[in-house]
Each structure stands twice: as C-alpha cells, then as structure tokens.
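**Student:** The structure's right below; bear with me while I get my questions together.
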Amino acid sequence: FVSPYILLEYDYIRIFFTYENKDWMLQMWKGQYGLIFYGGEIGVYTRPKGSVGEHYNCATEDDWLKMEMTVFWDEFDNGEYLPQFSRNYDDFWWATGFVDGQLKDRNDSNTLRVLGRITFESEEQAIAFDEAMSKKGFTKVDEFSPYEIDTYKRYGKDVIFLWQNIR
C-alpha cells in the first residue's frame, strides 16, 4: 500500500502449488524501484501443507532452487527488448537484480520482460509448478521461444518461461 509513495511501482505474480507436504509459492516482481533503479526478482517461499492464511516463509536452504533470470526492456518503444542484466544459474531462495535508471513511465512495468529458468528438486515438483503456471494464465508451448510472452515450457525438472503481462 505504501509502494506508490516511495516510488516503488512494480508488477508481481504469485504461483502456488503443493509438493511433498509443503505449500510452495514462487513470487516474481518487475518494475521501478524508487527513483534510481528498475529490475526484477524471483522468490521461493514455503509453509506446512494445509496452512491457513496468506503467510509463507522464505525457503530454507534445503528448499532453495537452482534458477537464472534475465530482465529485458523495450527502452525505445520499438519492440526491441534488450537485456538489462542477468542472474547466473545458481541456488537461490531469492534471485534479484537491479540496474540504474528509470522506466519512461514508472507506472508501466509492462515494458519489462523476465526470462527465467528454474530447476526443481524432482520432475514431480516441476509438474506441480507446470500445472500452477497454466492455472495462472501462462501458455504452455511445445517449442519455447524467447519472443513469445507469457509462455513456458517444461523440460524434465526445468521450467523456462517468459513473463511480461500476466498479473
């Protein structure tokens, strides 16, 4: 609620699924962070299966996932999305990245795209996430293209996606 007053303008999505007696939430953000940064984030959160309420805990190190992401921006409004930064493939509970600068319209995070890859603990966990992505509105594709927004593809334990407009 306070974000607009401190010039934090971002989009976020939450993807919920259950795996091995835990409720999981992966949350992604992208947008303007104050006056001087823009960027993106992917966070992993868990709680005991069947918990009530909205609270999830940051994933403990045992539940960190291997992931990578690149944030792209169409800075010149010409349809050419150029990479702004990448987070290399590693274990994370929270992958973040920010660069100096301002979006032309701080309120328009849709000029940013997040290309991500997450490797889950097992193929079963990846399938649970796959199903949750579909329910959230992402389109599952047979062949992944880094140009088709709001799509994803599962390859065994890996899920690769391109997020832009889904909220």
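Chain identifiers are assigned as A, B, and so on, following the order in which chains appear in the structure tokens; residues are numbered from 1 within each chain, and ligands are numbered from 1 in order of appearance.
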Could you tell me, as a PyMOL selection string, which residues of range 53-126 of chain A DSSP assigns to strand (DSSP E) when given the backbone?

**Tutor:** chain A and resi 57-58+65-73+82-92+94-100+112-119

**Student:** Do you know which residues are at most 10 Å from Gln27 in chain A counting only C-alpha atoms, after dropping those on the same chain fewer than 2 positions away, and could you put them as a ChimeraX atom specification?

**Tutor:** /A:12-16,24-25,29,41-45,94

**Student:** Using only C-alpha atoms for the distances, tell me which of A:Ile149, A:Ile127, A:Leu103, A:Val114 is nearest to Arg87 in chain A.

**Tutor:**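 Under the stated criterion, the closest residue is A:Val114.
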
**Student:** For Phe17 in chain A, which residue among A:Asp130, A:Glu143, A:Glu75, A:Glu54 is the nearest when counting only C-alpha atoms?

**Tutor:**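 Going through A:Asp130, A:Glu143, A:Glu75, A:Glu54 one by one, the smallest distance to Phe17 in chain A is for A:Asp130.
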
**Student:** Ranking A:Lys135, A:Lys49, A:Arg167, A:Arg117 by minimum distance to Arg154 in chain A and counting only C-alpha atoms, which one comes first?

**Tutor:**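 Counting only C-alpha atoms, the residue closest to Arg154 in chain A is A:Arg117.
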